[in-house]
file entry03.txt (compact mmCIF, C-alpha atoms and all ligand atoms)
# COMPACT_ATOMS: atom_id res chain seq x y z
CA MET A 1 -11.86 -22.39 -8.84
CA ASN A 2 -9.15 -19.76 -8.46
CA ILE A 3 -9.23 -16.94 -5.94
CA ILE A 4 -7.24 -13.88 -7.00
CA SER A 5 -6.88 -10.81 -4.79
CA SER A 6 -5.90 -7.26 -5.59
CA TYR A 7 -4.18 -6.15 -2.42
CA SER A 8 -1.69 -3.69 -0.97
CA ILE A 9 -1.05 -2.34 2.50
CA LYS A 10 -1.18 1.11 0.86
CA GLY A 11 -4.25 2.92 -0.40
CA GLY A 12 -4.49 4.74 -3.72
CA VAL A 13 -2.01 2.53 -5.57
CA GLY A 14 -4.33 1.01 -8.22
CA LYS A 15 -5.88 -2.04 -6.52
CA THR A 16 -9.42 -1.27 -7.65
CA ALA A 17 -8.31 -0.19 -11.13
CA LEU A 18 -6.67 -3.59 -11.52
CA ALA A 19 -9.58 -5.53 -10.01
CA VAL A 20 -12.23 -4.08 -12.32
CA ASN A 21 -10.17 -4.49 -15.48
CA LEU A 22 -9.06 -7.99 -14.52
CA ALA A 23 -12.70 -8.91 -13.85
CA TYR A 24 -13.57 -7.63 -17.32
CA VAL A 25 -10.81 -9.66 -19.00
CA LEU A 26 -11.67 -12.81 -17.04
CA ARG A 27 -15.30 -12.81 -18.17
CA GLU A 28 -14.22 -11.93 -21.69
CA SER A 29 -12.08 -15.09 -21.65
CA GLY A 30 -15.20 -17.12 -20.87
CA ARG A 31 -14.53 -17.64 -17.18
CA ARG A 32 -17.53 -17.32 -14.86
CA THR A 33 -16.29 -14.53 -12.63
CA LEU A 34 -17.39 -13.13 -9.29
CA LEU A 35 -15.87 -9.83 -8.13
CA ILE A 36 -16.27 -9.20 -4.42
CA ASP A 37 -15.73 -5.63 -3.26
CA LEU A 38 -14.33 -5.97 0.27
CA ASP A 39 -13.52 -2.29 0.68
CA PRO A 40 -16.25 -0.34 2.54
CA GLN A 41 -15.48 2.61 0.24
CA GLY A 42 -17.19 0.60 -2.52
CA ALA A 43 -15.22 1.89 -5.51
CA ALA A 44 -15.25 -1.40 -7.46
CA ALA A 45 -19.05 -1.66 -7.45
CA PHE A 46 -19.27 2.07 -8.25
CA TYR A 47 -17.28 1.45 -11.43
CA PHE A 48 -19.92 -1.13 -12.38
CA ARG A 49 -22.75 1.34 -11.72
CA MET A 50 -23.98 -0.41 -8.60
CA GLY A 51 -25.05 0.80 -5.21
CA SER A 52 -23.94 -0.75 -1.94
CA ALA A 53 -24.87 -4.21 -0.70
CA LYS A 54 -27.75 -4.85 1.65
CA LYS A 55 -26.71 -5.06 5.26
CA LEU A 56 -25.14 -8.44 5.99
CA ARG A 57 -25.59 -10.62 9.01
CA MET A 58 -22.09 -11.73 9.84
CA ARG A 59 -22.64 -13.72 13.01
CA ASP A 60 -21.07 -16.96 11.68
CA SER A 61 -19.66 -18.22 8.40
CA ASP A 62 -22.98 -19.74 7.26
CA ALA A 63 -24.77 -16.44 7.81
CA LEU A 64 -21.93 -14.60 6.08
CA ALA A 65 -22.09 -16.92 3.04
CA ASP A 66 -25.90 -16.54 2.86
CA GLY A 67 -25.61 -12.77 3.15
CA LEU A 68 -22.97 -12.56 0.43
CA ARG A 69 -24.99 -14.85 -1.84
CA SER A 70 -28.10 -12.71 -1.43
CA ASN A 71 -26.07 -9.68 -2.54
CA ILE A 72 -24.80 -11.14 -5.82
CA ARG A 73 -25.73 -8.84 -8.70
CA GLU A 74 -25.35 -9.37 -12.42
CA SER A 75 -23.14 -6.73 -14.03
CA ASP A 76 -23.77 -5.18 -17.45
CA PHE A 77 -21.29 -7.74 -18.77
CA PRO A 78 -22.72 -11.28 -18.97
CA GLY A 79 -20.61 -13.78 -17.08
CA LEU A 80 -19.44 -11.23 -14.53
CA ASP A 81 -21.26 -10.99 -11.21
CA ILE A 82 -20.45 -8.51 -8.46
CA ILE A 83 -20.97 -8.43 -4.72
CA PRO A 84 -20.88 -4.73 -3.83
CA SER A 85 -19.49 -3.66 -0.49
CA ASN A 86 -21.30 -2.23 2.47
CA LEU A 87 -20.20 0.19 5.17
CA ALA A 88 -20.80 -2.69 7.62
CA TYR A 89 -17.62 -4.26 6.21
CA ARG A 90 -15.70 -1.87 8.43
CA ASN A 91 -16.65 -4.31 11.22
CA PHE A 92 -15.37 -7.38 9.37
CA ASP A 93 -12.39 -7.69 11.69
CA ILE A 94 -14.46 -7.63 14.86
CA VAL A 95 -16.86 -10.24 13.48
CA LEU A 96 -14.06 -12.49 12.23
CA ASP A 97 -12.27 -12.15 15.56
CA SER A 98 -15.29 -13.57 17.35
CA MET A 99 -15.32 -16.70 15.17
CA SER A 100 -13.23 -19.79 15.75
CA LYS A 101 -10.43 -20.36 13.20
CA SER A 102 -10.83 -16.66 12.57
CA ARG A 103 -7.91 -16.49 10.10
CA LYS A 104 -9.37 -19.09 7.75
CA ARG A 105 -13.07 -18.17 7.72
CA LEU A 106 -13.10 -16.36 4.38
CA ARG A 107 -11.73 -19.38 2.52
CA LYS A 108 -14.49 -21.54 4.00
CA VAL A 109 -17.14 -19.00 3.02
CA LEU A 110 -15.79 -18.65 -0.53
CA ASP A 111 -15.64 -22.43 -0.99
CA GLU A 112 -19.44 -22.28 -1.04
CA PHE A 113 -19.26 -20.40 -4.36
CA LYS A 114 -17.02 -23.01 -6.00
CA PRO A 115 -19.72 -24.69 -8.11
CA ASP A 116 -20.89 -21.40 -9.60
CA TYR A 117 -17.68 -19.60 -10.58
CA ASP A 118 -14.33 -20.30 -12.23
CA VAL A 119 -12.64 -17.31 -10.61
CA ILE A 120 -13.37 -15.16 -7.59
CA LEU A 121 -11.66 -11.78 -7.49
CA LEU A 122 -11.30 -9.88 -4.23
CA ASP A 123 -10.83 -6.10 -4.30
CA CYS A 124 -9.31 -5.47 -0.88
CA PRO A 125 -9.10 -2.50 1.45
CA PRO A 126 -5.62 -1.28 2.43
CA ASN A 127 -3.92 -2.12 5.74
CA ILE A 128 -2.97 -5.41 7.38
CA THR A 129 -5.93 -6.54 9.45
CA LEU A 130 -7.58 -9.81 10.36
CA LEU A 131 -9.57 -9.49 7.14
CA SER A 132 -6.30 -9.19 5.20
CA GLU A 133 -4.99 -12.31 6.91
CA ASN A 134 -8.15 -14.08 5.80
CA VAL A 135 -7.53 -12.81 2.27
CA PHE A 136 -3.92 -14.09 2.42
CA ARG A 137 -5.08 -17.55 3.46
CA ALA A 138 -7.96 -17.68 0.98
CA SER A 139 -6.08 -16.53 -2.13
CA ASP A 140 -4.33 -18.60 -4.75
CA LEU A 141 -2.66 -15.46 -6.09
CA ILE A 142 -2.30 -11.96 -4.62
CA VAL A 143 -1.55 -9.21 -7.10
CA VAL A 144 0.10 -6.17 -5.47
CA PRO A 145 0.27 -2.80 -7.26
CA VAL A 146 3.49 -0.98 -6.41
CA ILE A 147 4.04 2.67 -7.37
CA PRO A 148 7.82 2.94 -7.88
CA THR A 149 8.43 5.15 -4.84
CA VAL A 150 10.35 4.55 -1.63
CA LEU A 151 7.20 4.23 0.51
CA SER A 152 5.56 1.72 -1.82
CA GLN A 153 8.75 -0.30 -1.88
CA ARG A 154 8.75 -0.22 1.91
CA THR A 155 5.19 -1.54 2.17
CA LEU A 156 6.03 -4.38 -0.24
CA ASP A 157 8.97 -5.28 2.03
CA GLN A 158 6.65 -5.17 5.06
CA LEU A 159 4.17 -7.48 3.33
CA THR A 160 6.88 -9.95 2.33
CA LEU A 161 8.25 -9.95 5.88
CA PHE A 162 4.77 -10.54 7.28
CA PHE A 163 4.33 -13.54 4.99
CA GLN A 164 7.70 -14.93 6.06
CA ASN A 165 7.00 -14.43 9.78
CA GLU A 166 3.54 -16.01 9.54
CA GLU A 167 4.84 -18.84 7.34
CA LEU A 168 2.49 -17.84 4.54
CA PRO A 169 3.49 -18.73 0.95
CA VAL A 170 5.48 -15.73 -0.31
CA GLU A 171 5.38 -17.19 -3.84
CA ILE A 172 1.68 -16.31 -4.23
CA LEU A 173 2.55 -12.58 -4.09
CA ARG A 174 2.73 -10.99 -7.54
CA PRO A 175 3.80 -7.34 -7.38
CA PHE A 176 3.63 -5.14 -10.47
CA PHE A 177 4.53 -1.50 -11.12
CA SER A 178 1.52 0.81 -11.15
CA MET A 179 1.11 4.49 -12.13
CA VAL A 180 4.57 4.60 -13.65
CA GLN A 181 5.97 7.89 -14.90
CA LYS A 182 8.83 7.02 -17.15
CA ARG A 183 10.27 10.54 -17.02
CA ASN A 184 10.64 10.26 -13.27
CA ARG A 185 14.22 9.27 -12.49
CA MET A 186 13.31 7.71 -9.12
CA HIS A 187 10.63 5.58 -10.80
CA ARG A 188 13.16 4.31 -13.32
CA ASP A 189 15.79 3.54 -10.66
CA ILE A 190 13.36 1.66 -8.41
CA MET A 191 12.02 -0.27 -11.40
CA ASP A 192 15.54 -1.33 -12.29
CA GLU A 193 16.38 -2.51 -8.78
CA LEU A 194 13.29 -3.85 -7.03
CA PRO A 195 12.56 -6.84 -9.30
CA LEU A 196 16.15 -8.06 -8.80
CA SER A 197 15.33 -8.98 -5.20
CA ASN A 198 11.81 -10.18 -6.03
CA PRO A 199 11.67 -12.99 -8.55
CA HIS A 200 7.86 -12.95 -8.77
CA PHE A 201 7.55 -9.36 -10.04
CA LEU A 202 5.23 -9.25 -13.04
CA LYS A 203 6.84 -7.89 -16.19
CA THR A 204 3.99 -5.65 -17.37
CA VAL A 205 4.04 -2.05 -16.19
CA ILE A 206 0.93 0.16 -15.91
CA PRO A 207 1.66 3.78 -16.89
CA PHE A 208 0.22 6.79 -15.12
CA SER A 209 -2.58 7.89 -17.42
CA ALA A 210 -5.58 10.23 -17.33
CA ASP A 211 -7.46 7.54 -19.32
CA VAL A 212 -7.52 5.38 -16.17
CA GLU A 213 -8.88 8.21 -14.03
CA LYS A 214 -11.76 8.62 -16.48
CA MET A 215 -13.17 5.29 -15.28
CA GLY A 216 -14.82 7.38 -12.54
CA LEU A 217 -16.74 9.37 -15.16
CA ARG A 218 -17.52 6.48 -17.50
CA ARG A 219 -18.28 4.10 -14.63
CA MET A 220 -16.97 1.03 -16.38
CA PRO A 221 -13.59 -0.68 -16.72
CA LEU A 222 -11.11 1.12 -18.96
CA LEU A 223 -11.04 -1.91 -21.24
CA ALA A 224 -14.80 -1.62 -21.80
CA TYR A 225 -14.57 1.80 -23.44
CA SER A 226 -11.03 2.09 -24.71
CA SER A 227 -8.91 -0.72 -26.00
CA ASN A 228 -6.22 1.11 -27.92
CA CYS A 229 -4.79 3.65 -25.50
CA GLU A 230 -1.44 2.88 -23.88
CA ALA A 231 -2.94 2.18 -20.43
CA ALA A 232 -5.63 -0.16 -21.82
CA MET A 233 -3.06 -2.17 -23.74
CA ALA A 234 -0.93 -2.37 -20.61
CA TYR A 235 -3.88 -3.60 -18.53
CA ARG A 236 -4.70 -6.24 -21.12
CA ALA A 237 -1.09 -7.44 -21.15
CA LEU A 238 -0.98 -7.46 -17.34
CA CYS A 239 -4.24 -9.41 -17.08
CA ASN A 240 -2.99 -11.96 -19.59
CA GLU A 241 0.24 -12.30 -17.64
CA ILE A 242 -1.77 -12.92 -14.45
CA LEU A 243 -3.99 -15.45 -16.25
CA CYS A 244 -0.93 -17.36 -17.47
CA GLN A 245 0.32 -17.53 -13.89
CA THR A 246 -2.97 -18.87 -12.54
CA ALA A 247 -3.28 -21.41 -15.36
CA ALA A 248 0.21 -22.60 -14.54
CA ARG A 249 -0.65 -23.23 -10.92
CA PRO A 250 -1.49 -26.80 -9.96
N1 LIG A 301 -2.52 4.01 -13.94
C1 LIG A 301 -3.16 5.06 -13.40
N2 LIG A 301 -2.94 6.31 -13.88
C2 LIG A 301 -3.58 7.39 -13.36
N3 LIG A 301 -4.45 7.31 -12.37
C3 LIG A 301 -4.71 6.10 -11.84
C4 LIG A 301 -4.08 4.91 -12.33
N4 LIG A 301 -4.54 3.86 -11.60
C5 LIG A 301 -5.42 4.37 -10.73
N5 LIG A 301 -5.53 5.70 -10.88
C6 LIG A 301 -6.38 6.63 -10.10
O1 LIG A 301 -5.82 6.73 -8.80
C7 LIG A 301 -6.84 6.69 -7.82
C8 LIG A 301 -6.63 5.48 -6.90
O2 LIG A 301 -6.74 4.29 -7.69
P1 LIG A 301 -7.47 3.00 -7.11
O3 LIG A 301 -7.44 1.96 -8.16
O4 LIG A 301 -8.79 3.39 -6.57
O5 LIG A 301 -6.47 2.64 -5.92
P2 LIG A 301 -6.71 1.73 -4.62
O6 LIG A 301 -7.81 0.78 -4.92
O7 LIG A 301 -5.38 1.06 -4.41
O8 LIG A 301 -7.03 2.66 -3.49
C9 LIG A 301 -8.15 6.66 -8.57
O9 LIG A 301 -8.64 7.96 -8.69
C10 LIG A 301 -7.79 6.10 -9.92
O10 LIG A 301 -8.61 6.60 -10.95
MG MG A 302 -9.64 0.40 -3.92
call {"tool": "encode", "arguments": {"input": "entry03.txt", "output": "C-alpha cells", "more": "lines below"}}
Ligand SMILES: Nc1ncnc2c1ncn2[C@@H]1O[C@H](COP(=O)(O)OP(=O)(O)O)[C@@H](O)[C@H]1O
Ligand SMILES: [Mg+2]
result
Amino acid sequence: MNIISSYSIKGGVGKTALAVNLAYVLRESGRRTLLIDLDPQGAAAFYFRMGSAKKLRMRDSDALADGLRSNIRESDFPGLDIIPSNLAYRNFDIVLDSMSKSRKRLRKVLDEFKPDYDVILLDCPPNITLLSENVFRASDLIVVPVIPTVLSQRTLDQLTLFFQNEELPVEILRPFFSMVQKRNRMHRDIMDELPLSNPHFLKTVIPFSADVEKMGLRRMPLLAYSSNCEAAMAYRALCNEILCQTAARP
C-alpha cells in the first residue's frame, strides 16, 4: 500500500484540486483508493458531493482507526472511497500531542487500512503542525503544489529545511508548479530557476484555468466532466507522472 499526500504549508495553492483528480485517476487505473480529507474545511469531500464525517472519538489510535473506518463512504466512482473531514479535526494536534509516539500515530492508524486499499491519499490542511509531522512520517510520497511566486518558493524552502532539520527524507517531496500563468514574467523566471536547485520537481505544470474553478459548481473532479481541456490534460499527465514515481519506489 502506498500513502500519497497533497500538502503545502500554504493554503489556496491547489492541494485539494490535485487530491481529488489524483484520486479519480488512481481508481480509474484499477487501484483500490481511499481519499482521506484531513482539512476541517472539508473541500475534498464537498467535491465528491458528501457531507462531513460523524464526530470521531480520538482518544487513542485504536479509537481513531475505528472512528475513521466508520466514516468510510463509497463515492459515485466505484473503487474510490472517501473519509470526509469533520470540524473536530481542528483538535487533531491536541489529541495527537496527548498520545505517546505522537509523531508516528497516523502511520500506525493507516496501517490498519492496508488490506483494503492499494493507495491512501491524504488531502492536508496548510501549516506545519503535529498533524503535518504525522503526515510527513506516514507518507511514501508528498506532492507539493507551488504557485511560481516568491512566497510559494519561500514556503517550499521552509518545508525542505524542516525536513533536513528533523532528518526526514527530503527525497519524498515532489513539488510541482500549480496555477501557472505563462504570460506572467515572474512565473516564467521562477519556473526556470527553482527546479535547478530541486532535483525532485515534477515536470508537469498545471495552468491557471477557470475550468478547474468550476469543480465547485460541478462537484466532481475536473477529469470526471472534462477530459480535453488544457487543465484536464495537464492533471492527467501530472497524475501519471506521480504514479510512475510511486511504482518506481521499492
Ligand atoms: N489550476 C487552477 N486554476 C484556477 N483555479 C484553481 C486552480 N487550482 C485550484 N484553483 C482554485 O483555487 C482555489 C484553491 O484551490 P484548492 O485546491 O482548494 O487549494 P488548497 O487545497 O491548497 O487550499 C479553489 O477555488 C480552486 O478552485
Ligand atoms: Mg484544500
call {"tool": "closest_atom_pairs", "arguments": {"input": "entry03.txt", "of": "chain A", "to": "ligand LIG 301 (chain A)", "cutoff": "7 Å", "atoms": "all atoms listed in the file", "output": "tab-separated table"}}
result
residue	atom	partner	partner_atom	distance
A:Ser8	CA	A:LIG301	O7	6.9
A:Lys10	CA	A:LIG301	O7	6.7
A:Gly11	CA	A:LIG301	O8	4.2
A:Gly12	CA	A:LIG301	O8	3.3
A:Val13	CA	A:LIG301	O7	3.9
A:Gly14	CA	A:LIG301	O3	3.3
A:Lys15	CA	A:LIG301	O6	3.8
A:Thr16	CA	A:LIG301	O6	3.8
A:Ala17	CA	A:LIG301	O3	3.8
A:Leu18	CA	A:LIG301	O3	6.5
A:Ala43	CA	A:LIG301	O4	6.7
A:Ser178	CA	A:LIG301	N1	5.9
A:Met179	CA	A:LIG301	N1	4.1
A:Ile206	CA	A:LIG301	N1	5.5
A:Pro207	CA	A:LIG301	N1	5.1
A:Phe208	CA	A:LIG301	N2	3.4
A:Ser209	CA	A:LIG301	N2	3.9
A:Ala210	CA	A:LIG301	C2	5.3
A:Val212	CA	A:LIG301	C1	5.2
A:Glu213	CA	A:LIG301	O10	3.5
A:Lys214	CA	A:LIG301	O10	6.7
A:Met215	CA	A:LIG301	O10	6.4
A:Gly216	CA	A:LIG301	O10	6.5
A:Ala231	CA	A:LIG301	N1	6.8
call {"tool": "write_last_selection", "arguments": {"input": "entry03.txt", "atoms": "C-alpha atoms", "output": "JSON list (two decimals), in the frame of the given file"}}
result
[["chain", "number", "residue", "atom", "x", "y", "z"],
["A", 8, "SER", "CA", -1.69, -3.69, -0.97],
["A", 10, "LYS", "CA", -1.18, 1.11, 0.86],
["A", 11, "GLY", "CA", -4.25, 2.92, -0.40],
["A", 12, "GLY", "CA", -4.49, 4.74, -3.72],
["A", 13, "VAL", "CA", -2.01, 2.53, -5.57],
["A", 14, "GLY", "CA", -4.33, 1.01, -8.22],
["A", 15, "LYS", "CA", -5.88, -2.04, -6.52],
["A", 16, "THR", "CA", -9.42, -1.27, -7.65],
["A", 17, "ALA", "CA", -8.31, -0.19, -11.13],
["A", 18, "LEU", "CA", -6.67, -3.59, -11.52],
["A", 43, "ALA", "CA", -15.22, 1.89, -5.51],
["A", 178, "SER", "CA", 1.52, 0.81, -11.15],
["A", 179, "MET", "CA", 1.11, 4.49, -12.13],
["A", 206, "ILE", "CA", 0.93, 0.16, -15.91],
["A", 207, "PRO", "CA", 1.66, 3.78, -16.89],
["A", 208, "PHE", "CA", 0.22, 6.79, -15.12],
["A", 209, "SER", "CA", -2.58, 7.89, -17.42],
["A", 210, "ALA", "CA", -5.58, 10.23, -17.33],
["A", 212, "VAL", "CA", -7.52, 5.38, -16.17],
["A", 213, "GLU", "CA", -8.88, 8.21, -14.03],
["A", 214, "LYS", "CA", -11.76, 8.62, -16.48],
["A", 215, "MET", "CA", -13.17, 5.29, -15.28],
["A", 216, "GLY", "CA", -14.82, 7.38, -12.54],
["A", 231, "ALA", "CA", -2.94, 2.18, -20.43]]
call {"tool": "residues_near_ligand", "arguments": {"input": "entry03.txt", "ligand": "ligand MG 302 (chain A)", "cutoff": "12 Å", "atoms": "only C-alpha atoms and all ligand atoms", "output": "PyMOL selection string"}}
result
chain A and resi 5-20+36-47+85+122-127+144-145
call {"tool": "closest_residue", "arguments": {"input": "entry03.txt", "among": "A:Val146, A:Ala232, A:Ala53, A:Val119", "to": "Met191 (chain A)", "atoms": "all atoms listed in the file"}}
result
A:Val146
call {"tool": "closest_residue", "arguments": {"input": "entry03.txt", "among": "A:Leu106, A:Met50, A:Leu159, A:Leu168", "to": "Ala138 (chain A)", "atoms": "only C-alpha atoms"}}
result
A:Leu106
call {"tool": "atom_distance", "arguments": {"input": "entry03.txt", "atom1": "CA of Asp81 (chain A)", "atom2": "CA of Ala224 (chain A)"}}
result
15.5 Å
call {"tool": "atom_distance", "arguments": {"input": "entry03.txt", "atom1": "CA of Val205 (chain A)", "atom2": "CA of Leu238 (chain A)"}}
result
7.5 Å
call {"tool": "closest_residue", "arguments": {"input": "entry03.txt", "among": "A:Pro169, A:Pro115, A:Pro78, A:Pro175", "to": "His200 (chain A)", "atoms": "all atoms listed in the file"}}
result
A:Pro175
call {"tool": "closest_residue", "arguments": {"input": "entry03.txt", "among": "A:Ser98, A:Ser227, A:Asn2, A:Ser61", "to": "Arg32 (chain A)", "atoms": "all atoms listed in the file"}}
result
A:Asn2
call {"tool": "atom_distance", "arguments": {"input": "entry03.txt", "atom1": "CA of Leu173 (chain A)", "atom2": "CA of Arg137 (chain A)"}}
result
11.8 Å
call {"tool": "axis_aligned_box", "arguments": {"input": "entry03.txt", "around": "region 116-134 of chain A", "padding_each_side": "5 Å", "output": "AutoDock Vina command-line options"}}
result
--center_x -11.9 --center_y -11.3 --center_z -0.9 --size_x 27.9 --size_y 30.1 --size_z 32.6
call {"tool": "residues_around", "arguments": {"input": "entry03.txt", "residues": "region 128-131 of chain A", "least_positions_apart": "6", "cutoff": "8 Å", "atoms": "only C-alpha atoms", "output": "PyMOL selection string"}}
result
chain A and resi 9+92-93+96-97+102-103
call {"tool": "write_last_selection", "arguments": {"input": "entry03.txt", "atoms": "C-alpha atoms", "output": "PDB file, in the frame of the given file"}}
result
ATOM      1  CA  ILE A   9      -1.050  -2.340   2.500  1.00  0.00           C
ATOM      2  CA  PHE A  92     -15.370  -7.380   9.370  1.00  0.00           C
ATOM      3  CA  ASP A  93     -12.390  -7.690  11.690  1.00  0.00           C
ATOM      4  CA  LEU A  96     -14.060 -12.490  12.230  1.00  0.00           C
ATOM      5  CA  ASP A  97     -12.270 -12.150  15.560  1.00  0.00           C
ATOM      6  CA  SER A 102     -10.830 -16.660  12.570  1.00  0.00           C
ATOM      7  CA  ARG A 103      -7.910 -16.490  10.100  1.00  0.00           C
TER       8      ARG A 103
END
call {"tool": "residues_near_point", "arguments": {"input": "entry03.txt", "point": "(-21.7, -14.0, 6.1)", "cutoff": "10 Å", "atoms": "all atoms listed in the file", "output": "VMD selection string"}}
result
chain A and resid 56 to 70 92 95 to 96 105 to 106 109
call {"tool": "residues_around", "arguments": {"input": "entry03.txt", "residues": "Pro199 (chain A)", "least_positions_apart": "5", "cutoff": "12 Å", "atoms": "all atoms listed in the file", "output": "CSV table (one decimal) with C-alpha atoms, keeping the file's coordinate frame"}}
result
chain,number,residue,atom,x,y,z
A,170,VAL,CA,5.5,-15.7,-0.3
A,171,GLU,CA,5.4,-17.2,-3.8
A,172,ILE,CA,1.7,-16.3,-4.2
A,173,LEU,CA,2.6,-12.6,-4.1
A,174,ARG,CA,2.7,-11.0,-7.5
A,175,PRO,CA,3.8,-7.3,-7.4
A,176,PHE,CA,3.6,-5.1,-10.5
A,193,GLU,CA,16.4,-2.5,-8.8
A,194,LEU,CA,13.3,-3.8,-7.0
call {"tool": "closest_residue", "arguments": {"input": "entry03.txt", "among": "A:Phe136, A:Phe77, A:Phe162, A:Phe48", "to": "Arg107 (chain A)", "atoms": "only C-alpha atoms"}}
result
A:Phe136
call {"tool": "closest_residue", "arguments": {"input": "entry03.txt", "among": "A:Asp116, A:Asp189, A:Glu241, A:Asp157", "to": "Leu202 (chain A)", "atoms": "only C-alpha atoms"}}
result
A:Glu241
call {"tool": "residues_around", "arguments": {"input": "entry03.txt", "residues": "Val25 (chain A)", "least_positions_apart": "5", "cutoff": "10 Å", "atoms": "all atoms listed in the file", "output": "short mmCIF file (atom, residue, chain, number, x, y, z; two decimals) with C-alpha atoms, keeping the file's coordinate frame"}}
result
data_model
loop_
_atom_site.label_atom_id
_atom_site.label_comp_id
_atom_site.auth_asym_id
_atom_site.auth_seq_id
_atom_site.Cartn_x
_atom_site.Cartn_y
_atom_site.Cartn_z
CA ALA A 19 -9.58 -5.53 -10.01
CA VAL A 20 -12.23 -4.08 -12.32
CA GLY A 30 -15.20 -17.12 -20.87
CA ARG A 31 -14.53 -17.64 -17.18
CA THR A 33 -16.29 -14.53 -12.63
CA LEU A 80 -19.44 -11.23 -14.53
CA PRO A 221 -13.59 -0.68 -16.72
CA LEU A 223 -11.04 -1.91 -21.24
CA ALA A 224 -14.80 -1.62 -21.80
CA TYR A 235 -3.88 -3.60 -18.53
CA ARG A 236 -4.70 -6.24 -21.12
CA CYS A 239 -4.24 -9.41 -17.08
CA ASN A 240 -2.99 -11.96 -19.59
CA LEU A 243 -3.99 -15.45 -16.25
#
